[in-house]
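Undergrad: Sharing protein17.txt below, compact mmCIF, N, CA and C atoms:
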# COMPACT_ATOMS: atom_id res chain seq x y z
N MET A 1 -13.73 -89.57 -42.36
CA MET A 1 -12.84 -89.80 -41.23
C MET A 1 -13.54 -90.72 -40.24
N ASN A 2 -12.82 -91.67 -39.74
CA ASN A 2 -13.33 -92.66 -38.80
C ASN A 2 -13.10 -92.17 -37.38
N CYS A 3 -14.10 -92.26 -36.52
CA CYS A 3 -13.97 -91.91 -35.11
C CYS A 3 -14.60 -93.01 -34.27
N GLN A 4 -13.84 -93.47 -33.26
CA GLN A 4 -14.34 -94.50 -32.36
C GLN A 4 -13.98 -94.11 -30.93
N ALA A 5 -14.87 -94.37 -29.99
CA ALA A 5 -14.61 -94.06 -28.58
C ALA A 5 -14.91 -95.30 -27.75
N PHE A 6 -14.11 -95.49 -26.70
CA PHE A 6 -14.25 -96.64 -25.82
C PHE A 6 -14.04 -96.20 -24.38
N CYS A 7 -14.71 -96.84 -23.47
CA CYS A 7 -14.42 -96.73 -22.05
C CYS A 7 -13.96 -98.11 -21.63
N THR A 8 -12.68 -98.24 -21.32
CA THR A 8 -12.12 -99.57 -21.08
C THR A 8 -11.70 -99.81 -19.65
N ALA A 9 -11.79 -98.77 -18.79
CA ALA A 9 -11.34 -98.92 -17.40
C ALA A 9 -11.97 -97.83 -16.54
N GLY A 10 -11.85 -97.99 -15.24
CA GLY A 10 -12.28 -96.93 -14.33
C GLY A 10 -11.28 -95.79 -14.31
N SER A 11 -10.02 -96.10 -14.63
CA SER A 11 -8.96 -95.09 -14.74
C SER A 11 -7.75 -95.75 -15.39
N TYR A 12 -6.86 -94.91 -15.91
CA TYR A 12 -5.58 -95.36 -16.45
C TYR A 12 -4.45 -94.80 -15.59
N GLN A 13 -3.36 -95.54 -15.51
CA GLN A 13 -2.12 -95.03 -14.91
C GLN A 13 -1.45 -94.21 -16.01
N ILE A 14 -1.88 -92.97 -16.15
CA ILE A 14 -1.58 -92.16 -17.33
C ILE A 14 -0.08 -91.91 -17.54
N LYS A 15 0.67 -91.65 -16.47
CA LYS A 15 2.11 -91.38 -16.63
C LYS A 15 2.86 -92.64 -17.05
N ASN A 16 2.52 -93.77 -16.46
CA ASN A 16 3.16 -95.03 -16.86
C ASN A 16 2.80 -95.40 -18.29
N LEU A 17 1.56 -95.17 -18.65
CA LEU A 17 1.11 -95.43 -20.01
C LEU A 17 1.85 -94.55 -21.00
N ALA A 18 2.04 -93.29 -20.67
CA ALA A 18 2.78 -92.37 -21.54
C ALA A 18 4.20 -92.87 -21.78
N GLU A 19 4.85 -93.30 -20.73
CA GLU A 19 6.23 -93.80 -20.87
C GLU A 19 6.29 -95.01 -21.79
N ARG A 20 5.35 -95.91 -21.67
CA ARG A 20 5.34 -97.11 -22.51
C ARG A 20 5.10 -96.74 -23.98
N LEU A 21 4.14 -95.86 -24.23
CA LEU A 21 3.80 -95.52 -25.61
C LEU A 21 4.86 -94.67 -26.29
N LYS A 22 5.64 -93.90 -25.52
CA LYS A 22 6.68 -93.05 -26.11
C LYS A 22 7.73 -93.86 -26.86
N ALA A 23 7.87 -95.13 -26.52
CA ALA A 23 8.85 -95.97 -27.20
C ALA A 23 8.45 -96.23 -28.66
N HIS A 24 7.17 -96.05 -28.99
CA HIS A 24 6.69 -96.41 -30.32
C HIS A 24 6.00 -95.27 -31.07
N TYR A 25 5.52 -94.27 -30.34
CA TYR A 25 4.69 -93.22 -30.94
C TYR A 25 5.10 -91.84 -30.43
N THR A 26 4.62 -90.82 -31.12
CA THR A 26 4.75 -89.46 -30.61
C THR A 26 3.64 -89.27 -29.59
N VAL A 27 4.03 -88.93 -28.36
CA VAL A 27 3.07 -88.83 -27.26
C VAL A 27 3.23 -87.47 -26.58
N VAL A 28 2.11 -86.81 -26.34
CA VAL A 28 2.11 -85.56 -25.58
C VAL A 28 1.26 -85.79 -24.34
N LEU A 29 1.86 -85.57 -23.18
CA LEU A 29 1.15 -85.74 -21.92
C LEU A 29 0.56 -84.40 -21.51
N HIS A 30 -0.75 -84.38 -21.36
CA HIS A 30 -1.46 -83.21 -20.85
C HIS A 30 -1.83 -83.51 -19.40
N LYS A 31 -2.50 -82.60 -18.75
CA LYS A 31 -2.81 -82.77 -17.32
C LYS A 31 -3.44 -84.13 -17.02
N ASP A 32 -4.53 -84.46 -17.66
CA ASP A 32 -5.23 -85.71 -17.39
C ASP A 32 -5.49 -86.53 -18.65
N ALA A 33 -4.65 -86.32 -19.67
CA ALA A 33 -4.87 -87.03 -20.93
C ALA A 33 -3.56 -87.18 -21.69
N LEU A 34 -3.56 -88.14 -22.60
CA LEU A 34 -2.44 -88.33 -23.53
C LEU A 34 -2.95 -88.11 -24.94
N HIS A 35 -2.14 -87.49 -25.76
CA HIS A 35 -2.41 -87.42 -27.19
C HIS A 35 -1.34 -88.26 -27.86
N VAL A 36 -1.75 -89.23 -28.63
CA VAL A 36 -0.84 -90.15 -29.31
C VAL A 36 -1.08 -90.04 -30.81
N GLU A 37 -0.01 -89.85 -31.57
CA GLU A 37 -0.10 -89.84 -33.03
C GLU A 37 0.25 -91.23 -33.55
N ILE A 38 -0.64 -91.80 -34.34
CA ILE A 38 -0.46 -93.13 -34.91
C ILE A 38 -0.23 -92.97 -36.41
N PRO A 39 0.95 -93.35 -36.93
CA PRO A 39 1.18 -93.24 -38.36
C PRO A 39 0.24 -94.15 -39.14
N HIS A 40 -0.29 -93.61 -40.25
CA HIS A 40 -1.23 -94.39 -41.07
C HIS A 40 -1.22 -93.86 -42.49
N GLN A 41 -0.73 -94.65 -43.42
CA GLN A 41 -0.74 -94.36 -44.86
C GLN A 41 -0.26 -92.95 -45.19
N GLY A 42 0.91 -92.60 -44.70
CA GLY A 42 1.51 -91.31 -45.02
C GLY A 42 0.98 -90.13 -44.23
N SER A 43 0.03 -90.37 -43.34
CA SER A 43 -0.47 -89.30 -42.47
C SER A 43 -0.54 -89.86 -41.04
N PHE A 44 -1.29 -89.22 -40.20
CA PHE A 44 -1.38 -89.67 -38.81
C PHE A 44 -2.82 -89.76 -38.36
N GLY A 45 -3.08 -90.76 -37.53
CA GLY A 45 -4.32 -90.83 -36.79
C GLY A 45 -4.06 -90.29 -35.40
N ASP A 46 -5.09 -89.90 -34.71
CA ASP A 46 -4.95 -89.33 -33.37
C ASP A 46 -5.71 -90.18 -32.36
N VAL A 47 -5.10 -90.34 -31.20
CA VAL A 47 -5.73 -91.05 -30.10
C VAL A 47 -5.61 -90.17 -28.87
N PHE A 48 -6.71 -90.00 -28.17
CA PHE A 48 -6.68 -89.32 -26.88
C PHE A 48 -7.09 -90.34 -25.83
N LEU A 49 -6.24 -90.49 -24.83
CA LEU A 49 -6.51 -91.39 -23.71
C LEU A 49 -6.69 -90.52 -22.47
N PHE A 50 -7.85 -90.62 -21.85
CA PHE A 50 -8.19 -89.80 -20.71
C PHE A 50 -7.98 -90.59 -19.42
N ALA A 51 -7.46 -89.92 -18.39
CA ALA A 51 -7.12 -90.58 -17.13
C ALA A 51 -8.30 -91.33 -16.52
N TYR A 52 -9.51 -90.92 -16.82
CA TYR A 52 -10.69 -91.56 -16.23
C TYR A 52 -11.12 -92.83 -16.98
N GLY A 53 -10.29 -93.34 -17.91
CA GLY A 53 -10.52 -94.64 -18.50
C GLY A 53 -11.15 -94.68 -19.87
N ALA A 54 -11.27 -93.52 -20.51
CA ALA A 54 -11.85 -93.47 -21.86
C ALA A 54 -10.77 -93.15 -22.88
N CYS A 55 -11.00 -93.60 -24.12
CA CYS A 55 -10.08 -93.27 -25.21
C CYS A 55 -10.89 -93.02 -26.47
N VAL A 56 -10.38 -92.11 -27.30
CA VAL A 56 -11.04 -91.73 -28.54
C VAL A 56 -10.00 -91.82 -29.66
N PHE A 57 -10.39 -92.47 -30.76
CA PHE A 57 -9.52 -92.68 -31.92
C PHE A 57 -10.10 -91.95 -33.12
N TRP A 58 -9.26 -91.14 -33.80
CA TRP A 58 -9.65 -90.49 -35.05
C TRP A 58 -8.70 -90.93 -36.14
N ASN A 59 -9.27 -91.39 -37.24
CA ASN A 59 -8.50 -91.76 -38.42
C ASN A 59 -7.44 -92.83 -38.12
N VAL A 60 -7.81 -93.79 -37.28
CA VAL A 60 -6.93 -94.92 -36.97
C VAL A 60 -7.62 -96.18 -37.49
N PRO A 61 -6.92 -96.98 -38.31
CA PRO A 61 -7.56 -98.19 -38.84
C PRO A 61 -7.86 -99.18 -37.71
N ARG A 62 -8.79 -100.06 -37.96
CA ARG A 62 -9.24 -101.02 -36.94
C ARG A 62 -8.08 -101.81 -36.35
N GLU A 63 -7.10 -102.19 -37.17
CA GLU A 63 -5.95 -102.94 -36.67
C GLU A 63 -5.18 -102.12 -35.64
N GLY A 64 -5.02 -100.82 -35.90
CA GLY A 64 -4.33 -99.93 -34.97
C GLY A 64 -5.11 -99.75 -33.68
N VAL A 65 -6.43 -99.66 -33.79
CA VAL A 65 -7.28 -99.54 -32.61
C VAL A 65 -7.12 -100.79 -31.75
N ASP A 66 -7.24 -101.96 -32.37
CA ASP A 66 -7.12 -103.22 -31.63
C ASP A 66 -5.76 -103.35 -30.96
N MET A 67 -4.70 -102.98 -31.67
CA MET A 67 -3.35 -103.09 -31.13
C MET A 67 -3.18 -102.18 -29.92
N LEU A 68 -3.64 -100.93 -30.03
CA LEU A 68 -3.48 -100.00 -28.92
C LEU A 68 -4.36 -100.39 -27.74
N LEU A 69 -5.57 -100.84 -27.98
CA LEU A 69 -6.43 -101.29 -26.88
C LEU A 69 -5.78 -102.46 -26.13
N SER A 70 -5.14 -103.34 -26.86
CA SER A 70 -4.44 -104.46 -26.23
C SER A 70 -3.24 -103.95 -25.41
N ALA A 71 -2.51 -102.98 -25.94
CA ALA A 71 -1.32 -102.45 -25.27
C ALA A 71 -1.65 -101.71 -23.97
N ILE A 72 -2.81 -101.07 -23.91
CA ILE A 72 -3.14 -100.28 -22.72
C ILE A 72 -3.81 -101.11 -21.63
N ARG A 73 -4.12 -102.34 -21.93
CA ARG A 73 -4.87 -103.20 -21.00
C ARG A 73 -4.22 -103.25 -19.61
N GLU A 74 -2.90 -103.33 -19.53
CA GLU A 74 -2.23 -103.47 -18.23
C GLU A 74 -2.19 -102.17 -17.43
N PHE A 75 -2.58 -101.05 -18.02
CA PHE A 75 -2.50 -99.77 -17.35
C PHE A 75 -3.84 -99.33 -16.81
Show me the file's structure as structure tokens.

TA:
Amino acid sequence: MNCQAFCTAGSYQIKNLAERLKAHYTVVLHKDALHVEIPHQGSFGDVFLFAYGACVFWNVPREGVDMLLSAIREF
């Protein structure tokens, strides 16, 4: 299983980010984090985005990681 972690910001606008991602993925908003399920080869990868600007990807292919990192840039 592949695991990657990044710190890409000082913080994320977590509620706005959740609304944007819900259009494409299954998203669960927790107090200070989002859990996003990314479909991948008949199963799912998991992404956790933390309000303090960090994100962790499990079982997400590099293309999916790059795409999501690009999508969250504005938040």

Undergrad: When you draw a straight line from atom N of A:Thr26 to atom CA of A:Phe57, how long is it in Å?

TA: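 For atom N of A:Thr26 relative to atom CA of A:Phe57, the distance reads 14.3 Å.
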
Undergrad: Can you list, as an MDAnalysis selection string, every residue of chain A that DSSP puts in helix (DSSP H, G or I)?

TA: chainID A and resid 14:22 62:72

Undergrad: Identify, on the basis of only C-alpha atoms, every residue whose closest approach to A:Leu29 does not exceed 10 Å; exclude the query and any residue fewer than 2 positions from it along the same chain; express the result as a PDB file with N, CA and C atoms, in the coordinates of the input.

TA:
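Output (result-v3.pdb):
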ATOM      1  N   ILE A  14      -1.880 -92.970 -16.150  1.00  0.00           N
ATOM      2  CA  ILE A  14      -1.580 -92.160 -17.330  1.00  0.00           C
ATOM      3  C   ILE A  14      -0.080 -91.910 -17.540  1.00  0.00           C
ATOM      4  N   LYS A  15       0.670 -91.650 -16.470  1.00  0.00           N
ATOM      5  CA  LYS A  15       2.110 -91.380 -16.630  1.00  0.00           C
ATOM      6  C   LYS A  15       2.860 -92.640 -17.050  1.00  0.00           C
ATOM      7  N   LEU A  17       1.560 -95.170 -18.650  1.00  0.00           N
ATOM      8  CA  LEU A  17       1.110 -95.430 -20.010  1.00  0.00           C
ATOM      9  C   LEU A  17       1.850 -94.550 -21.000  1.00  0.00           C
ATOM     10  N   ALA A  18       2.040 -93.290 -20.670  1.00  0.00           N
ATOM     11  CA  ALA A  18       2.780 -92.370 -21.540  1.00  0.00           C
ATOM     12  C   ALA A  18       4.200 -92.870 -21.780  1.00  0.00           C
ATOM     13  N   GLU A  19       4.850 -93.300 -20.730  1.00  0.00           N
ATOM     14  CA  GLU A  19       6.230 -93.800 -20.870  1.00  0.00           C
ATOM     15  C   GLU A  19       6.290 -95.010 -21.790  1.00  0.00           C
ATOM     16  N   VAL A  27       4.030 -88.930 -28.360  1.00  0.00           N
ATOM     17  CA  VAL A  27       3.070 -88.830 -27.260  1.00  0.00           C
ATOM     18  C   VAL A  27       3.230 -87.470 -26.580  1.00  0.00           C
ATOM     19  N   LYS A  31      -2.500 -82.600 -18.750  1.00  0.00           N
ATOM     20  CA  LYS A  31      -2.810 -82.770 -17.320  1.00  0.00           C
ATOM     21  C   LYS A  31      -3.440 -84.130 -17.020  1.00  0.00           C
ATOM     22  N   ASP A  32      -4.530 -84.460 -17.660  1.00  0.00           N
ATOM     23  CA  ASP A  32      -5.230 -85.710 -17.390  1.00  0.00           C
ATOM     24  C   ASP A  32      -5.490 -86.530 -18.650  1.00  0.00           C
ATOM     25  N   ALA A  33      -4.650 -86.320 -19.670  1.00  0.00           N
ATOM     26  CA  ALA A  33      -4.870 -87.030 -20.930  1.00  0.00           C
ATOM     27  C   ALA A  33      -3.560 -87.180 -21.690  1.00  0.00           C
ATOM     28  N   LEU A  34      -3.560 -88.140 -22.600  1.00  0.00           N
ATOM     29  CA  LEU A  34      -2.440 -88.330 -23.530  1.00  0.00           C
ATOM     30  C   LEU A  34      -2.950 -88.110 -24.940  1.00  0.00           C
ATOM     31  N   HIS A  35      -2.140 -87.490 -25.760  1.00  0.00           N
ATOM     32  CA  HIS A  35      -2.410 -87.420 -27.190  1.00  0.00           C
ATOM     33  C   HIS A  35      -1.340 -88.260 -27.860  1.00  0.00           C
ATOM     34  N   VAL A  36      -1.750 -89.230 -28.630  1.00  0.00           N
ATOM     35  CA  VAL A  36      -0.840 -90.150 -29.310  1.00  0.00           C
ATOM     36  C   VAL A  36      -1.080 -90.040 -30.810  1.00  0.00           C
ATOM     37  N   PHE A  48      -6.710 -90.000 -28.170  1.00  0.00           N
ATOM     38  CA  PHE A  48      -6.680 -89.320 -26.880  1.00  0.00           C
ATOM     39  C   PHE A  48      -7.090 -90.340 -25.830  1.00  0.00           C
ATOM     40  N   LEU A  49      -6.240 -90.490 -24.830  1.00  0.00           N
ATOM     41  CA  LEU A  49      -6.510 -91.390 -23.710  1.00  0.00           C
ATOM     42  C   LEU A  49      -6.690 -90.520 -22.470  1.00  0.00           C
TER      43      LEU A  49
END

Undergrad: When distances are computed from only C-alpha atoms, which of A:Gln41, A:Met1, A:Cys7, A:Gln13 shows the smallest separation from A:Cys55?

TA: A:Cys7

Undergrad: In chain A, what's strand (DSSP E) per DSSP? Answer as a ChimeraX atom specification?

TA: /A:3-7,26-29,33-40,43-50,54-58

Undergrad: Work out how far apart atom CA of A:Pro39 and atom CA of A:Ala5 are and give it in Å to one decimal.

TA: 18.6 Å

Undergrad: List as a list in words the protein and nucleic acid residues near A:Gly53, meaning an atom at most 9 Å away when only C-alpha atoms are counted, but skip any in the same chain fewer than 4 places from it.

TA: Phe6, Cys7, Thr8, Ala9, Gly10, Ser11, Tyr12 and Leu49 of chain A

Undergrad: Quick one: of A:Glu74, A:Asn2, A:Leu69, A:Asn59, who's nearest to A:His40, counting all atoms listed in the file?

TA: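 Of the candidates, the smallest distance to A:His40 is held by A:Asn59.
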
Undergrad: Work out how far apart atom C of A:Pro61 and atom C of A:Glu37 are and give it in Å to one decimal.

TA: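 Distance between the two atoms: 12.1 Å.
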
Undergrad: Looking at A:Arg20, A:Leu68, A:Tyr52, A:Val47, which one is nearest to A:Gln4, with distances taken over only C-alpha atoms?

TA: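 Ranked by minimum distance to A:Gln4, first place goes to A:Val47.
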
Undergrad: Would you mind writing stretch 18-29 of chain A with all heavy atoms, as a short mmCIF file (atom, residue, chain, number, x, y, z; two decimals), in the coordinates of the input?

TA:
data_model
loop_
_atom_site.label_atom_id
_atom_site.label_comp_id
_atom_site.auth_asym_id
_atom_site.auth_seq_id
_atom_site.Cartn_x
_atom_site.Cartn_y
_atom_site.Cartn_z
N ALA A 18 2.04 -93.29 -20.67
CA ALA A 18 2.78 -92.37 -21.54
C ALA A 18 4.20 -92.87 -21.78
O ALA A 18 4.68 -92.86 -22.91
CB ALA A 18 2.80 -90.97 -20.94
N GLU A 19 4.85 -93.30 -20.73
CA GLU A 19 6.23 -93.80 -20.87
C GLU A 19 6.29 -95.01 -21.79
O GLU A 19 7.19 -95.12 -22.61
CB GLU A 19 6.82 -94.12 -19.50
CG GLU A 19 7.14 -92.89 -18.69
CD GLU A 19 8.08 -91.93 -19.40
OE1 GLU A 19 9.11 -92.39 -19.96
OE2 GLU A 19 7.79 -90.72 -19.41
N ARG A 20 5.35 -95.91 -21.67
CA ARG A 20 5.34 -97.11 -22.51
C ARG A 20 5.10 -96.74 -23.98
O ARG A 20 5.76 -97.24 -24.87
CB ARG A 20 4.27 -98.07 -22.02
CG ARG A 20 4.01 -99.26 -22.91
CD ARG A 20 5.14 -100.30 -22.93
NE ARG A 20 5.38 -100.86 -21.64
CZ ARG A 20 4.77 -101.91 -21.12
NH1 ARG A 20 3.85 -102.53 -21.80
NH2 ARG A 20 5.09 -102.34 -19.93
N LEU A 21 4.14 -95.86 -24.23
CA LEU A 21 3.80 -95.52 -25.61
C LEU A 21 4.86 -94.67 -26.29
O LEU A 21 4.99 -94.72 -27.51
CB LEU A 21 2.43 -94.82 -25.64
CG LEU A 21 1.24 -95.69 -25.23
CD1 LEU A 21 -0.03 -94.85 -25.21
CD2 LEU A 21 1.10 -96.88 -26.15
N LYS A 22 5.64 -93.90 -25.52
CA LYS A 22 6.68 -93.05 -26.11
C LYS A 22 7.73 -93.86 -26.86
O LYS A 22 8.40 -93.34 -27.74
CB LYS A 22 7.37 -92.23 -25.02
CG LYS A 22 6.59 -91.04 -24.58
CD LYS A 22 7.36 -90.25 -23.53
CE LYS A 22 6.53 -89.10 -23.01
NZ LYS A 22 7.28 -88.34 -21.99
N ALA A 23 7.87 -95.13 -26.52
CA ALA A 23 8.85 -95.97 -27.20
C ALA A 23 8.45 -96.23 -28.66
O ALA A 23 9.31 -96.57 -29.48
CB ALA A 23 9.00 -97.30 -26.45
N HIS A 24 7.17 -96.05 -28.99
CA HIS A 24 6.69 -96.41 -30.32
C HIS A 24 6.00 -95.27 -31.07
O HIS A 24 5.87 -95.33 -32.29
CB HIS A 24 5.70 -97.57 -30.24
CG HIS A 24 6.27 -98.77 -29.55
ND1 HIS A 24 7.17 -99.63 -30.15
CD2 HIS A 24 6.10 -99.24 -28.29
CE1 HIS A 24 7.51 -100.58 -29.30
NE2 HIS A 24 6.88 -100.36 -28.17
N TYR A 25 5.52 -94.27 -30.34
CA TYR A 25 4.69 -93.22 -30.94
C TYR A 25 5.10 -91.84 -30.43
O TYR A 25 5.79 -91.73 -29.41
CB TYR A 25 3.21 -93.43 -30.60
CG TYR A 25 2.68 -94.78 -30.94
CD1 TYR A 25 2.45 -95.74 -29.95
CD2 TYR A 25 2.39 -95.13 -32.26
CE1 TYR A 25 1.96 -96.99 -30.26
CE2 TYR A 25 1.89 -96.38 -32.58
CZ TYR A 25 1.69 -97.31 -31.57
OH TYR A 25 1.20 -98.54 -31.89
N THR A 26 4.62 -90.82 -31.12
CA THR A 26 4.75 -89.46 -30.61
C THR A 26 3.64 -89.27 -29.59
O THR A 26 2.46 -89.45 -29.89
CB THR A 26 4.60 -88.43 -31.75
OG1 THR A 26 5.62 -88.67 -32.72
CG2 THR A 26 4.69 -87.02 -31.22
N VAL A 27 4.03 -88.93 -28.36
CA VAL A 27 3.07 -88.83 -27.26
C VAL A 27 3.23 -87.47 -26.58
O VAL A 27 4.34 -87.04 -26.29
CB VAL A 27 3.32 -89.94 -26.21
CG1 VAL A 27 2.39 -89.78 -25.02
CG2 VAL A 27 3.16 -91.31 -26.84
N VAL A 28 2.11 -86.81 -26.34
CA VAL A 28 2.11 -85.56 -25.58
C VAL A 28 1.26 -85.79 -24.34
O VAL A 28 0.09 -86.17 -24.44
CB VAL A 28 1.55 -84.38 -26.41
CG1 VAL A 28 1.49 -83.12 -25.57
CG2 VAL A 28 2.38 -84.17 -27.67
N LEU A 29 1.86 -85.57 -23.18
CA LEU A 29 1.15 -85.74 -21.92
C LEU A 29 0.56 -84.40 -21.51
O LEU A 29 1.26 -83.41 -21.36
CB LEU A 29 2.11 -86.25 -20.84
CG LEU A 29 1.57 -86.41 -19.43
CD1 LEU A 29 0.42 -87.42 -19.40
CD2 LEU A 29 2.69 -86.85 -18.49
#
